>>> print(open('target-v5.cif').read())   # mmCIF, C-alpha atoms
data_target
#
loop_
_atom_site.label_atom_id
_atom_site.label_comp_id
_atom_site.auth_asym_id
_atom_site.auth_seq_id
_atom_site.Cartn_x
_atom_site.Cartn_y
_atom_site.Cartn_z
CA MET A 273 -0.24 -25.52 200.53
CA VAL A 274 -3.34 -26.62 198.59
CA THR A 275 -6.05 -24.28 197.33
CA MET A 276 -9.28 -25.96 196.28
CA MET A 277 -12.07 -24.88 194.00
CA MET A 278 -14.94 -27.28 193.44
CA LEU A 279 -16.42 -27.65 189.99
CA SER A 280 -19.46 -29.87 189.83
CA LEU A 281 -19.34 -31.68 186.51
CA PRO A 282 -22.11 -33.01 184.29
CA SER A 283 -22.99 -36.64 184.80
CA THR A 284 -21.37 -37.80 181.58
CA PHE A 285 -18.29 -36.50 179.78
CA PRO A 286 -18.74 -35.71 176.09
CA ASN A 287 -17.69 -38.56 173.82
CA THR A 288 -17.29 -41.03 176.69
CA THR A 289 -19.54 -43.36 178.63
CA HIS A 290 -17.80 -42.59 181.90
CA THR A 291 -20.14 -41.42 184.66
CA THR A 292 -18.54 -38.84 186.89
CA SER A 293 -18.87 -37.24 190.26
CA PRO A 294 -17.66 -33.76 191.32
CA ILE A 295 -13.90 -33.43 190.88
CA PRO A 296 -11.64 -31.19 192.98
CA PHE A 297 -9.46 -28.88 190.95
CA LEU A 298 -6.18 -28.69 192.85
CA HIS A 299 -3.42 -26.16 192.45
CA LEU A 300 -0.30 -27.07 194.38
CA SER A 301 2.65 -24.91 195.23
CA SER A 302 5.94 -25.72 193.52
CA SER A 303 7.21 -27.34 196.71
CA SER A 304 4.49 -29.95 196.49
CA SER A 305 4.55 -30.56 192.73
CA SER A 306 6.15 -33.99 193.13
CA CYS A 307 2.97 -35.30 194.71
CA ALA A 308 0.62 -33.52 192.31
CA ALA A 309 -0.07 -36.56 190.18
CA SER A 310 -1.14 -38.62 193.18
CA LEU A 311 -3.84 -36.06 194.02
CA CYS A 312 -5.38 -36.09 190.55
CA SER A 313 -8.79 -37.74 190.70
CA PHE A 314 -8.67 -39.09 187.15
CA SER A 315 -7.74 -42.72 186.72
CA HIS A 316 -5.34 -43.97 184.05
CA SER A 317 -8.13 -45.81 182.27
CA PHE A 318 -10.31 -42.69 182.03
CA ILE A 319 -7.49 -40.44 180.78
CA HIS A 320 -6.49 -43.12 178.27
CA ARG A 321 -10.02 -43.63 176.95
CA SER A 322 -10.86 -39.93 176.74
CA ILE A 323 -7.71 -38.90 174.88
CA VAL A 324 -7.37 -41.84 172.53
CA ASP A 325 -11.08 -41.86 171.63
CA CYS A 326 -10.90 -38.13 170.88
CA ARG A 327 -7.85 -38.59 168.63
CA ARG A 328 -9.34 -41.54 166.73
CA ARG A 329 -12.42 -39.49 165.92
CA LYS A 330 -10.05 -36.86 164.46
CA SER A 331 -11.84 -33.76 163.20
CA LYS A 332 -15.39 -33.27 162.01
CA CYS A 333 -16.05 -33.62 158.32
CA TRP A 334 -16.93 -30.16 157.08
CA ASN A 335 -19.43 -29.82 154.25
CA MET A 336 -18.81 -27.18 151.62
CA SER A 337 -22.16 -25.65 152.56
CA SER A 338 -20.71 -24.64 155.96
CA LEU A 339 -18.12 -22.37 154.32
CA PRO A 340 -18.72 -18.66 153.62
CA PRO A 341 -20.11 -18.16 150.08
CA SER A 342 -17.12 -16.04 149.04
CA PHE A 343 -14.80 -18.85 150.10
CA ARG A 344 -16.85 -21.83 148.90
CA ALA A 345 -16.14 -21.60 145.15
CA SER A 346 -12.37 -21.65 145.51
CA ALA A 347 -12.59 -24.44 148.10
CA GLU A 348 -14.73 -26.59 145.80
CA ALA A 349 -12.36 -26.04 142.88
CA ALA A 350 -9.25 -26.76 144.93
CA SER A 351 -10.50 -29.77 146.86
CA SER A 352 -11.00 -32.06 143.88
CA SER A 353 -7.61 -33.63 144.59
CA VAL A 354 -5.57 -34.12 147.76
CA PRO A 355 -2.92 -31.37 148.02
CA PRO A 356 0.66 -32.67 147.93
CA PHE A 357 2.87 -32.53 151.02
CA PRO A 358 5.98 -30.31 151.07
CA GLU A 359 9.11 -32.02 149.74
CA LYS A 360 11.18 -31.20 152.82
CA HIS A 361 8.69 -31.80 155.58
CA ILE A 362 10.58 -32.74 158.76
CA VAL A 363 10.17 -30.29 161.65
CA VAL A 364 11.82 -30.81 165.05
CA GLY A 365 10.39 -29.18 168.17
CA CYS A 366 11.51 -28.90 171.77
CA GLY A 367 9.31 -27.63 174.55
CA CYS A 368 6.25 -27.98 176.74
CA ILE A 369 3.73 -30.82 176.74
CA THR A 370 0.96 -31.41 179.27
CA VAL A 371 -2.33 -33.11 179.89
CA ASP A 372 -5.05 -30.44 179.87
CA PHE A 373 -8.13 -30.81 182.07
CA LEU A 374 -10.56 -28.38 180.44
CA ALA A 375 -13.79 -27.27 182.11
CA ALA A 376 -16.14 -24.92 180.29
CA VAL A 377 -18.28 -22.74 182.56
CA SER A 378 -21.10 -20.32 181.76
CA ALA A 379 -19.23 -17.54 183.60
CA TYR A 380 -15.95 -17.38 185.53
CA PRO A 381 -16.52 -18.15 189.23
CA LYS A 382 -16.23 -15.58 191.99
CA PRO A 383 -14.17 -16.39 195.12
CA ASP A 384 -15.73 -19.21 197.17
CA ASP A 385 -18.29 -19.94 194.41
CA LYS A 386 -19.49 -23.47 193.68
CA ILE A 387 -20.51 -23.77 190.06
CA ARG A 388 -21.22 -26.44 187.46
CA SER A 389 -19.26 -26.93 184.30
CA THR A 390 -21.15 -27.09 181.03
CA SER A 391 -18.68 -29.53 179.48
CA LEU A 392 -15.34 -31.11 180.23
CA LYS A 393 -12.56 -32.55 178.11
CA VAL A 394 -9.26 -34.26 178.89
CA GLN A 395 -6.64 -33.97 176.15
CA GLY A 396 -2.98 -33.22 175.51
CA GLY A 397 -1.74 -29.65 175.67
CA GLY A 398 1.38 -27.51 175.95
CA ASN A 399 2.65 -25.06 173.32
CA ALA A 400 5.09 -27.43 171.62
CA GLY A 401 2.73 -30.39 171.79
CA ASN A 402 -0.12 -28.38 170.26
CA ALA A 403 1.96 -26.72 167.54
CA LEU A 404 3.55 -29.99 166.40
CA THR A 405 0.20 -31.80 166.51
CA CYS A 406 -1.13 -29.09 164.20
CA ALA A 407 1.89 -29.42 161.91
CA ALA A 408 1.51 -33.21 161.83
CA ARG A 409 -2.16 -33.00 160.88
CA LEU A 410 -1.27 -30.62 158.08
CA GLY A 411 1.22 -33.15 156.71
CA LEU A 412 4.62 -32.45 158.25
CA ASN A 413 6.81 -35.13 159.80
CA SER A 414 6.83 -33.75 163.35
CA ARG A 415 9.49 -34.84 165.86
CA LEU A 416 9.17 -33.67 169.46
CA ILE A 417 11.83 -33.52 172.18
CA SER A 418 10.42 -33.27 175.69
CA LYS A 419 10.05 -35.17 178.97
CA VAL A 420 7.31 -37.02 180.80
CA ALA A 421 7.19 -39.37 183.75
CA ASP A 422 6.26 -43.03 183.51
CA ASP A 423 2.81 -42.36 184.96
CA SER A 424 -0.74 -42.50 183.62
CA GLN A 425 -0.62 -38.94 182.33
CA GLY A 426 2.77 -39.39 180.67
CA ARG A 427 1.63 -42.53 178.88
CA ALA A 428 -1.55 -40.79 177.73
CA ILE A 429 0.46 -37.80 176.43
CA LEU A 430 2.67 -40.07 174.34
CA GLU A 431 -0.16 -42.17 172.97
CA GLU A 432 -2.19 -39.14 171.92
CA LEU A 433 0.77 -37.55 170.14
CA GLU A 434 1.54 -40.81 168.36
CA ALA A 435 -2.10 -41.15 167.26
CA ASP A 436 -1.81 -37.73 165.63
CA GLY A 437 1.40 -38.68 163.81
CA VAL A 438 3.95 -36.94 166.05
CA ASP A 439 7.23 -38.86 166.46
CA THR A 440 7.79 -39.30 170.23
CA SER A 441 10.89 -41.49 169.98
CA TYR A 442 13.02 -38.55 171.18
CA PHE A 443 11.13 -38.15 174.46
CA VAL A 444 12.79 -38.72 177.81
CA VAL A 445 10.65 -40.84 180.15
CA SER A 446 11.49 -40.55 183.83
CA LYS A 447 10.87 -43.62 186.00
CA GLU A 448 9.87 -41.39 188.90
CA GLY A 449 8.11 -38.07 189.42
CA ASN A 450 5.02 -36.72 187.67
CA SER A 451 4.16 -35.55 184.18
CA PRO A 452 3.07 -31.92 183.66
CA PHE A 453 -0.62 -31.10 183.64
CA THR A 454 -2.79 -28.00 183.39
CA TYR A 455 -6.28 -27.08 184.57
CA VAL A 456 -8.00 -24.85 182.01
CA ILE A 457 -11.18 -22.94 182.89
CA VAL A 458 -12.99 -21.78 179.74
CA ASP A 459 -15.33 -18.84 180.32
CA SER A 460 -18.11 -19.23 177.75
CA GLN A 461 -19.48 -15.76 178.48
CA ARG A 462 -16.31 -13.74 177.95
CA LYS A 463 -14.67 -16.22 175.55
CA THR A 464 -11.51 -16.39 177.68
CA ARG A 465 -9.53 -19.19 179.26
CA THR A 466 -7.55 -19.34 182.50
CA CYS A 467 -4.69 -21.85 182.85
CA ILE A 468 -3.33 -23.29 186.11
CA HIS A 469 -0.18 -25.24 185.31
CA SER A 470 1.69 -27.84 187.37
CA PRO A 471 5.17 -28.47 185.91
CA GLY A 472 6.58 -31.94 185.45
CA ASN A 473 9.07 -33.31 187.95
CA PRO A 474 11.97 -33.90 187.63
CA PRO A 475 12.48 -31.19 184.97
CA MET A 476 14.33 -31.88 181.74
CA VAL A 477 18.05 -31.01 181.78
CA PRO A 478 20.68 -31.14 179.00
CA GLY A 479 22.14 -34.36 180.43
CA ASP A 480 18.86 -36.13 179.62
CA LEU A 481 19.55 -35.80 175.88
CA SER A 482 22.46 -37.78 174.47
CA GLN A 483 24.41 -36.52 171.47
CA ALA A 484 23.29 -39.58 169.48
CA ILE A 485 19.60 -38.85 170.10
CA LEU A 486 20.05 -35.16 169.35
CA SER A 487 21.86 -35.94 166.10
CA SER A 488 19.19 -38.42 165.06
CA ALA A 489 16.37 -35.98 165.85
CA LEU A 490 17.87 -33.28 163.62
CA ASP A 491 18.81 -35.53 160.70
CA GLY A 492 17.01 -34.32 157.58
CA ALA A 493 15.15 -31.54 159.40
CA ARG A 494 13.86 -28.61 157.36
CA LEU A 495 13.00 -26.51 160.40
CA ALA A 496 13.47 -26.41 164.21
CA TYR A 497 10.91 -24.94 166.60
CA PHE A 498 11.14 -23.91 170.27
CA ASP A 499 8.45 -22.59 172.60
CA GLY A 500 10.89 -21.09 175.13
CA ARG A 501 10.44 -23.79 177.77
CA LEU A 502 13.10 -26.30 178.87
CA HIS A 503 15.50 -23.47 178.02
CA GLU A 504 18.78 -25.20 178.89
CA THR A 505 18.00 -28.27 176.78
CA ALA A 506 16.39 -26.14 174.08
CA LEU A 507 19.55 -24.07 173.70
CA ILE A 508 21.66 -27.22 173.17
CA VAL A 509 19.24 -28.36 170.45
CA ALA A 510 19.10 -24.88 168.90
CA GLN A 511 22.89 -24.52 168.78
CA GLU A 512 23.21 -27.88 167.05
CA ALA A 513 20.46 -26.91 164.59
CA ASN A 514 22.24 -23.62 163.95
CA CYS A 515 25.51 -25.43 163.25
CA ARG A 516 23.66 -27.58 160.70
CA LYS A 517 22.13 -24.45 159.15
CA ILE A 518 18.62 -25.61 160.02
CA PRO A 519 16.34 -22.54 160.25
CA ILE A 520 14.89 -21.89 163.72
CA LEU A 521 11.47 -20.51 164.67
CA ILE A 522 10.85 -19.28 168.22
CA ASP A 523 7.47 -18.92 169.91
CA ALA A 524 7.96 -15.79 172.07
CA GLU A 525 4.89 -15.87 174.28
CA ARG A 526 6.42 -13.82 177.09
CA PRO A 527 9.89 -13.05 178.46
CA ARG A 528 11.33 -16.21 180.04
CA GLU A 529 14.60 -17.34 181.52
CA GLY A 530 16.99 -18.27 178.70
CA LEU A 531 14.75 -16.92 175.93
CA ASP A 532 17.26 -14.26 174.85
CA SER A 533 19.84 -16.93 174.05
CA LEU A 534 17.32 -18.72 171.82
CA LEU A 535 16.31 -15.48 170.08
CA ASN A 536 19.95 -14.80 169.20
CA VAL A 537 20.13 -17.95 167.03
CA ALA A 538 16.60 -17.69 165.61
CA ASP A 539 15.57 -17.02 162.00
CA TYR A 540 11.86 -16.45 162.62
CA ILE A 541 9.83 -15.25 165.60
CA VAL A 542 6.11 -15.54 166.22
CA CYS A 543 5.14 -13.64 169.35
CA SER A 544 2.10 -12.80 171.42
CA GLU A 545 0.55 -9.33 171.44
CA LYS A 546 2.25 -8.29 174.68
CA PHE A 547 5.74 -9.67 174.00
CA PRO A 548 7.29 -7.11 171.60
CA GLN A 549 6.82 -4.12 173.90
CA ALA A 550 7.59 -6.11 177.04
CA TRP A 551 10.89 -7.28 175.55
CA THR A 552 11.97 -4.03 173.85
CA GLU A 553 10.23 -1.36 175.99
CA ALA A 554 9.30 0.38 172.73
CA PRO A 555 6.28 2.75 172.79
CA SER A 556 4.19 0.81 170.24
CA ILE A 557 3.94 -2.64 168.69
CA PRO A 558 5.19 -1.50 165.22
CA SER A 559 8.20 0.29 166.72
CA ALA A 560 8.86 -2.78 168.88
CA LEU A 561 9.02 -4.95 165.75
CA VAL A 562 11.64 -2.61 164.28
CA SER A 563 13.55 -2.80 167.57
CA MET A 564 13.51 -6.60 167.46
CA LEU A 565 15.00 -6.69 163.96
CA VAL A 566 17.62 -4.09 164.93
CA ARG A 567 18.65 -6.07 168.02
CA LEU A 568 18.46 -9.49 166.32
CA PRO A 569 20.25 -9.21 162.95
CA LYS A 570 19.76 -12.91 162.09
CA ILE A 571 15.94 -12.65 162.12
CA LYS A 572 14.25 -12.85 158.71
CA PHE A 573 10.74 -12.00 159.88
CA VAL A 574 8.80 -11.41 163.07
CA ILE A 575 5.04 -11.86 163.44
CA VAL A 576 2.95 -10.54 166.31
CA THR A 577 -0.46 -12.19 166.72
CA LEU A 578 -3.30 -9.91 167.84
CA GLY A 579 -6.21 -12.29 168.42
CA GLU A 580 -9.38 -11.17 166.66
CA ASP A 581 -7.42 -8.21 165.24
CA GLY A 582 -5.26 -10.52 163.14
CA CYS A 583 -1.49 -10.11 163.01
CA ILE A 584 1.34 -7.87 161.81
CA MET A 585 4.48 -9.16 160.11
CA LEU A 586 7.71 -7.29 159.48
CA ASP A 587 9.84 -9.07 156.86
CA ARG A 588 13.48 -7.99 156.63
CA HIS A 589 14.96 -7.17 153.22
CA VAL A 590 18.72 -7.69 153.20
CA GLU A 591 19.57 -6.61 149.64
CA GLU A 592 20.62 -3.02 149.18
CA ILE A 593 18.10 -1.03 147.16
CA PRO A 594 19.01 2.57 146.27
CA GLU A 595 16.62 5.42 147.05
CA LEU A 596 14.17 3.45 149.18
CA GLU A 597 11.17 5.36 150.48
CA GLU A 598 11.56 6.06 154.20
CA MET A 599 8.50 6.00 156.44
CA ASP A 600 7.71 5.96 160.12
CA VAL A 601 6.69 2.40 160.95
CA ASP A 602 3.63 3.43 162.99
CA SER A 603 2.38 5.51 160.07
CA ALA A 604 2.99 2.62 157.65
CA VAL A 605 0.97 0.22 159.82
CA GLY A 606 -1.78 2.82 160.13
CA LEU A 607 -2.05 3.05 156.34
CA LEU A 608 -2.38 -0.74 156.07
CA ARG A 609 -5.13 -0.76 158.70
CA GLN A 610 -7.12 1.71 156.61
CA LYS A 611 -7.18 -0.81 153.76
CA ILE A 612 -8.86 -3.56 155.81
CA ASP A 613 -12.29 -4.50 154.47
CA GLY A 614 -14.42 -4.72 157.60
CA ASP A 615 -17.13 -6.66 155.77
CA ASN A 616 -14.81 -9.51 154.74
CA ALA A 617 -15.27 -12.47 157.11
CA ILE A 618 -12.42 -14.63 155.80
CA PRO A 619 -8.72 -14.11 156.58
CA THR A 620 -6.84 -11.83 154.19
CA CYS A 621 -3.38 -10.28 153.90
CA ILE A 622 -2.62 -6.66 153.06
CA PRO A 623 1.07 -6.04 152.17
CA SER A 624 2.83 -2.70 151.95
CA LYS A 625 3.27 -1.66 148.34
CA SER A 626 7.02 -2.23 148.37
CA VAL A 627 10.15 -2.62 150.47
CA MET A 628 10.70 0.51 152.56
CA ARG A 629 13.12 2.02 155.04
CA LEU A 630 11.02 1.69 158.17
CA LYS A 631 12.12 3.90 161.02
CA ALA A 632 11.21 4.08 164.69
CA ASP A 633 12.30 7.23 166.50
CA GLY A 634 15.05 6.63 169.01
CA ILE A 635 15.33 2.98 167.97
CA GLY A 636 16.64 2.67 164.43
CA VAL A 637 15.83 1.84 160.83
CA VAL A 638 15.36 -1.46 158.97
CA ASN A 639 14.76 -2.24 155.32
CA GLY A 640 11.68 -4.40 155.08
CA LYS A 641 8.12 -4.98 154.06
CA LEU A 642 5.03 -4.92 156.28
CA PHE A 643 2.12 -7.33 156.07
CA MET A 644 -1.21 -6.90 157.85
CA GLY A 645 -3.12 -10.17 158.32
CA THR A 646 -6.77 -10.25 159.29
CA ALA A 647 -8.47 -12.96 161.36
CA GLU A 648 -11.58 -14.87 160.43
CA LYS A 649 -14.74 -13.35 161.85
CA ILE A 650 -16.09 -16.36 163.71
CA PRO A 651 -19.82 -16.15 164.50
CA ALA A 652 -20.46 -16.03 168.25
CA SER A 653 -22.48 -19.23 167.99
CA GLU A 654 -19.42 -21.07 166.58
CA LEU A 655 -16.70 -19.64 168.85
CA VAL A 656 -16.13 -22.22 171.59
CA ASP A 657 -12.62 -21.89 173.01
CA THR A 658 -9.49 -19.89 172.14
CA THR A 659 -7.15 -22.24 174.02
CA GLY A 660 -4.16 -22.99 171.79
CA ALA A 661 -5.13 -20.58 168.99
CA GLY A 662 -1.60 -19.17 168.97
CA ASP A 663 -0.13 -22.69 168.87
CA ALA A 664 -2.32 -23.53 165.87
CA PHE A 665 -1.14 -20.36 164.12
CA ILE A 666 2.46 -21.41 164.74
CA GLY A 667 1.82 -24.97 163.55
CA ALA A 668 0.43 -23.60 160.30
CA THR A 669 3.39 -21.20 159.98
CA LEU A 670 5.78 -24.14 160.34
CA TYR A 671 3.95 -25.88 157.51
CA ALA A 672 3.95 -22.73 155.36
CA ILE A 673 7.72 -22.26 155.74
CA CYS A 674 8.38 -25.90 154.84
CA ALA A 675 6.10 -25.56 151.81
CA ASP A 676 7.79 -22.30 150.69
CA MET A 677 4.37 -20.66 150.80
CA PRO A 678 4.34 -16.96 149.80
CA LEU A 679 4.02 -14.64 152.79
CA GLU A 680 0.81 -13.13 151.38
CA LYS A 681 -0.73 -16.61 151.51
CA MET A 682 0.93 -17.79 154.73
CA LEU A 683 -0.74 -15.27 157.04
CA PRO A 684 -4.37 -15.97 156.01
CA PHE A 685 -3.59 -19.70 155.94
CA ALA A 686 -2.31 -19.60 159.52
CA ALA A 687 -5.31 -17.49 160.57
CA GLN A 688 -7.69 -20.00 158.96
CA VAL A 689 -6.08 -22.91 160.84
CA ALA A 690 -6.22 -20.99 164.14
CA ALA A 691 -9.89 -20.13 163.58
CA ALA A 692 -10.72 -23.79 162.95
CA GLY A 693 -9.21 -24.68 166.32
CA CYS A 694 -11.40 -22.12 168.10
CA ARG A 695 -14.56 -23.99 167.13
CA ALA A 696 -14.06 -26.84 169.60
CA LEU A 697 -13.18 -27.23 173.27
CA GLY A 698 -9.45 -27.58 173.89
CA ALA A 699 -6.33 -26.78 171.92
CA ARG A 700 -6.43 -29.84 169.63
CA SER A 701 -10.03 -30.96 169.10
CA GLY A 702 -10.69 -28.53 166.26
CA LEU A 703 -7.29 -28.62 164.56
CA PRO A 704 -7.86 -29.30 160.85
CA TRP A 705 -6.28 -32.03 158.74
CA HIS A 706 -4.51 -31.62 155.41
CA THR A 707 -7.65 -32.57 153.47
CA ASP A 708 -9.99 -30.13 155.26
CA PRO A 709 -11.93 -28.23 152.54
CA ARG A 710 -11.43 -24.95 154.44
CA LEU A 711 -7.70 -25.20 153.69
CA ALA A 712 -7.98 -26.23 150.05
CA PRO A 713 -7.63 -22.70 148.60
CA PHE A 714 -4.31 -22.28 150.41
CA LEU A 715 -2.83 -25.73 149.69
CA SER A 716 -3.76 -26.16 146.02
#
>>> encode(input="target-v5.cif", output="structure tokens")
Amino acid sequence: MVTMMMLSLPSTFPNTTHTTSPIPFLHLSSSSSSCAASLCSFSHSFIHRSIVDCRRRKSKCWNMSSLPPSFRASAEAASSSVPPFPEKHIVVGCGCITVDFLAAVSAYPKPDDKIRSTSLKVQGGGNAGNALTCAARLGLNSRLISKVADDSQGRAILEELEADGVDTSYFVVSKEGNSPFTYVIVDSQRKTRTCIHSPGNPPMVPGDLSQAILSSALDGARLAYFDGRLHETALIVAQEANCRKIPILIDAERPREGLDSLLNVADYIVCSEKFPQAWTEAPSIPSALVSMLVRLPKIKFVIVTLGEDGCIMLDRHVEEIPELEEMDVDSAVGLLRQKIDGDNAIPTCIPSKSVMRLKADGIGVVNGKLFMGTAEKIPASELVDTTGAGDAFIGATLYAICADMPLEKMLPFAAQVAAAGCRALGARSGLPWHTDPRLAPFLS
């Protein structure tokens, strides 16, 4: 079954010289996914030109004058020299990659509407692809394990990743089938995005990944990252990483098949706002974070991202400290919220004063420290698209862990990277590079 919505596009795509006509946005049922690629109106040459041209332009050069005054002085002082890369800078990821077809509209369409897009972009997407692209731009050696088909979209996915410095030599390329792709409708009025995803076919299975390739991918790795997709293959990679004592970070966007097995071997979790309570059934986000650490004893820290409200981190403390202060975790988070400076536009971090015994009624107690991270206050005129903001936050967190960055610095750094990505259409267009002056205060 095919459901069609017509979006009439502008006559010329941004950053291309390709003249276009109206394009049907097709969403196919899973039973018809194998023929999805054949129904896509975009030619190989257009996808290739759009993505590669976008990547070669890289990011805009930001002048110091565009930074907030309170941030500019430290950026100018820190940017006089290029920050060094972390010593151990290999990160291995396994998960979702796609081609994203992004259409920005002035307002989300009503049923049976015919509307015009205000802009359109074709670029790579998918949680793992976005996060590792971000990590690569920041200076990590990013290796990605995933699967595409030998079609126009698959070739474009690989070429874009390679142009951004992501190692794609561990990809599986199927001779038949179709590569995954996603239609993304960006509502400029409400600042939201709606994703319609068509999975790749055939899907990746553990037999696609030989032991030799797996071993090579993990050689020298400082960190392994999983977005919860391709769960059977991901678990094989995660178990091998665990055997090698390579720390593991999991992106817990929502409960998925096989995710629990990945969480059981994880060291770090970064999750969406809805995940903690959905997974634990706890009455609040803070109590859900305590529940996650109680249920997952290997976890060192868990972060929940809250969009424009920043993030909360609970960092476990394993050493026994006598006579620790005990406090209800909801009350502790409430006290941190009271310390937020509402007039400060740049990302900050507010830690609890010390390690505490944090309790959640009916759930348990953990020894740990809380951190409240704020988000950048992006002017409405600069906020373009939140697609991939969480992936950018994770990419920056991967970098921060590899660089042994203090937690008080890691949270505002990750928030700054995510905010940069929200200033352009698509998940990758606005991702900053290692030399971006906005990052200089964090990397110096």
>>> resolve_selection(input="target-v5.cif", expression="the PyMOL selection byres ((chain A and resi 639) around 8)", output="PyMOL selection string")
chain A and resi 588-590+627-630+637-638+640-641
>>> residues_around(input="target-v5.cif", residues="Pro452 (chain A)", least_positions_apart="4", cutoff="6 Å", atoms="only C-alpha atoms", output="list in words")
Thr370, Ser470, Pro471 and Gly472 of chain A
>>> atom_distance(input="target-v5.cif", atom1="CA of Ala376 (chain A)", atom2="CA of Asn402 (chain A)")
19.2 Å
>>> residues_around(input="target-v5.cif", residues="Ile369 (chain A)", least_positions_apart="5", cutoff="7 Å", atoms="all atoms listed in the file", output="PyMOL selection string")
chain A and resi 397-401
>>> closest_residue(input="target-v5.cif", among="A:Thr646, A:Ser559, A:Gln511, A:Asn450", to="Arg609 (chain A)", atoms="only C-alpha atoms")
A:Thr646
>>> resolve_selection(input="target-v5.cif", expression="the PyMOL selection byres ((chain A and resi 481) around 12)", output="ChimeraX atom specification")
/A:366,417-419,441-445,476-480,482-489,502,504-509
>>> write_last_selection(input="target-v5.cif", atoms="C-alpha atoms", output="JSON list (two decimals), in the frame of the given file")
[["chain", "number", "residue", "atom", "x", "y", "z"],
["A", 366, "CYS", "CA", 11.51, -28.90, 171.77],
["A", 417, "ILE", "CA", 11.83, -33.52, 172.18],
["A", 418, "SER", "CA", 10.42, -33.27, 175.69],
["A", 419, "LYS", "CA", 10.05, -35.17, 178.97],
["A", 441, "SER", "CA", 10.89, -41.49, 169.98],
["A", 442, "TYR", "CA", 13.02, -38.55, 171.18],
["A", 443, "PHE", "CA", 11.13, -38.15, 174.46],
["A", 444, "VAL", "CA", 12.79, -38.72, 177.81],
["A", 445, "VAL", "CA", 10.65, -40.84, 180.15],
["A", 476, "MET", "CA", 14.33, -31.88, 181.74],
["A", 477, "VAL", "CA", 18.05, -31.01, 181.78],
["A", 478, "PRO", "CA", 20.68, -31.14, 179.00],
["A", 479, "GLY", "CA", 22.14, -34.36, 180.43],
["A", 480, "ASP", "CA", 18.86, -36.13, 179.62],
["A", 482, "SER", "CA", 22.46, -37.78, 174.47],
["A", 483, "GLN", "CA", 24.41, -36.52, 171.47],
["A", 484, "ALA", "CA", 23.29, -39.58, 169.48],
["A", 485, "ILE", "CA", 19.60, -38.85, 170.10],
["A", 486, "LEU", "CA", 20.05, -35.16, 169.35],
["A", 487, "SER", "CA", 21.86, -35.94, 166.10],
["A", 488, "SER", "CA", 19.19, -38.42, 165.06],
["A", 489, "ALA", "CA", 16.37, -35.98, 165.85],
["A", 502, "LEU", "CA", 13.10, -26.30, 178.87],
["A", 504, "GLU", "CA", 18.78, -25.20, 178.89],
["A", 505, "THR", "CA", 18.00, -28.27, 176.78],
["A", 506, "ALA", "CA", 16.39, -26.14, 174.08],
["A", 507, "LEU", "CA", 19.55, -24.07, 173.70],
["A", 508, "ILE", "CA", 21.66, -27.22, 173.17],
["A", 509, "VAL", "CA", 19.24, -28.36, 170.45]]
>>> residues_around(input="target-v5.cif", residues="Asp372 (chain A)", least_positions_apart="4", cutoff="6 Å", atoms="all atoms listed in the file", output="compact mmCIF listing (two decimals) with C-alpha atoms, in the frame of the given file")
# COMPACT_ATOMS: atom_id res chain seq x y z
CA VAL A 394 -9.26 -34.26 178.89
CA GLN A 395 -6.64 -33.97 176.15
CA GLY A 396 -2.98 -33.22 175.51
CA GLY A 397 -1.74 -29.65 175.67
CA PHE A 453 -0.62 -31.10 183.64
CA THR A 454 -2.79 -28.00 183.39
CA TYR A 455 -6.28 -27.08 184.57
>>> residues_around(input="target-v5.cif", residues="Ala647 (chain A)", least_positions_apart="5", cutoff="10 Å", atoms="only C-alpha atoms", output="PyMOL selection string")
chain A and resi 577-583+616-621+683-688+690-691
>>> closest_residue(input="target-v5.cif", among="A:Leu568, A:Ala496, A:Cys694, A:Ile522", to="Val656 (chain A)", atoms="all atoms listed in the file")
A:Cys694
>>> resolve_selection(input="target-v5.cif", expression="the PyMOL selection byres ((chain A and resi 552-556) around 10)", output="mmCIF file with C-alpha atoms, keeping the file's coordinate frame")
data_model
loop_
_atom_site.group_PDB
_atom_site.id
_atom_site.type_symbol
_atom_site.label_atom_id
_atom_site.label_comp_id
_atom_site.auth_asym_id
_atom_site.auth_seq_id
_atom_site.Cartn_x
_atom_site.Cartn_y
_atom_site.Cartn_z
ATOM 1 C CA PHE A 547 5.740 -9.670 174.000
ATOM 2 C CA PRO A 548 7.290 -7.110 171.600
ATOM 3 C CA GLN A 549 6.820 -4.120 173.900
ATOM 4 C CA ALA A 550 7.590 -6.110 177.040
ATOM 5 C CA TRP A 551 10.890 -7.280 175.550
ATOM 6 C CA ILE A 557 3.940 -2.640 168.690
ATOM 7 C CA PRO A 558 5.190 -1.500 165.220
ATOM 8 C CA SER A 559 8.200 0.290 166.720
ATOM 9 C CA ALA A 560 8.860 -2.780 168.880
ATOM 10 C CA LEU A 561 9.020 -4.950 165.750
ATOM 11 C CA VAL A 562 11.640 -2.610 164.280
ATOM 12 C CA SER A 563 13.550 -2.800 167.570
ATOM 13 C CA MET A 564 13.510 -6.600 167.460
ATOM 14 C CA ARG A 567 18.650 -6.070 168.020
ATOM 15 C CA VAL A 601 6.690 2.400 160.950
ATOM 16 C CA ASP A 602 3.630 3.430 162.990
ATOM 17 C CA ALA A 632 11.210 4.080 164.690
ATOM 18 C CA ASP A 633 12.300 7.230 166.500
ATOM 19 C CA GLY A 634 15.050 6.630 169.010
ATOM 20 C CA ILE A 635 15.330 2.980 167.970
#
>>> atom_distance(input="target-v5.cif", atom1="CA of Gly693 (chain A)", atom2="CA of Phe665 (chain A)")
9.4 Å
>>> closest_residue(input="target-v5.cif", among="A:Arg695, A:Lys447, A:Arg700, A:Lys572", to="Arg427 (chain A)", atoms="only C-alpha atoms")
A:Lys447
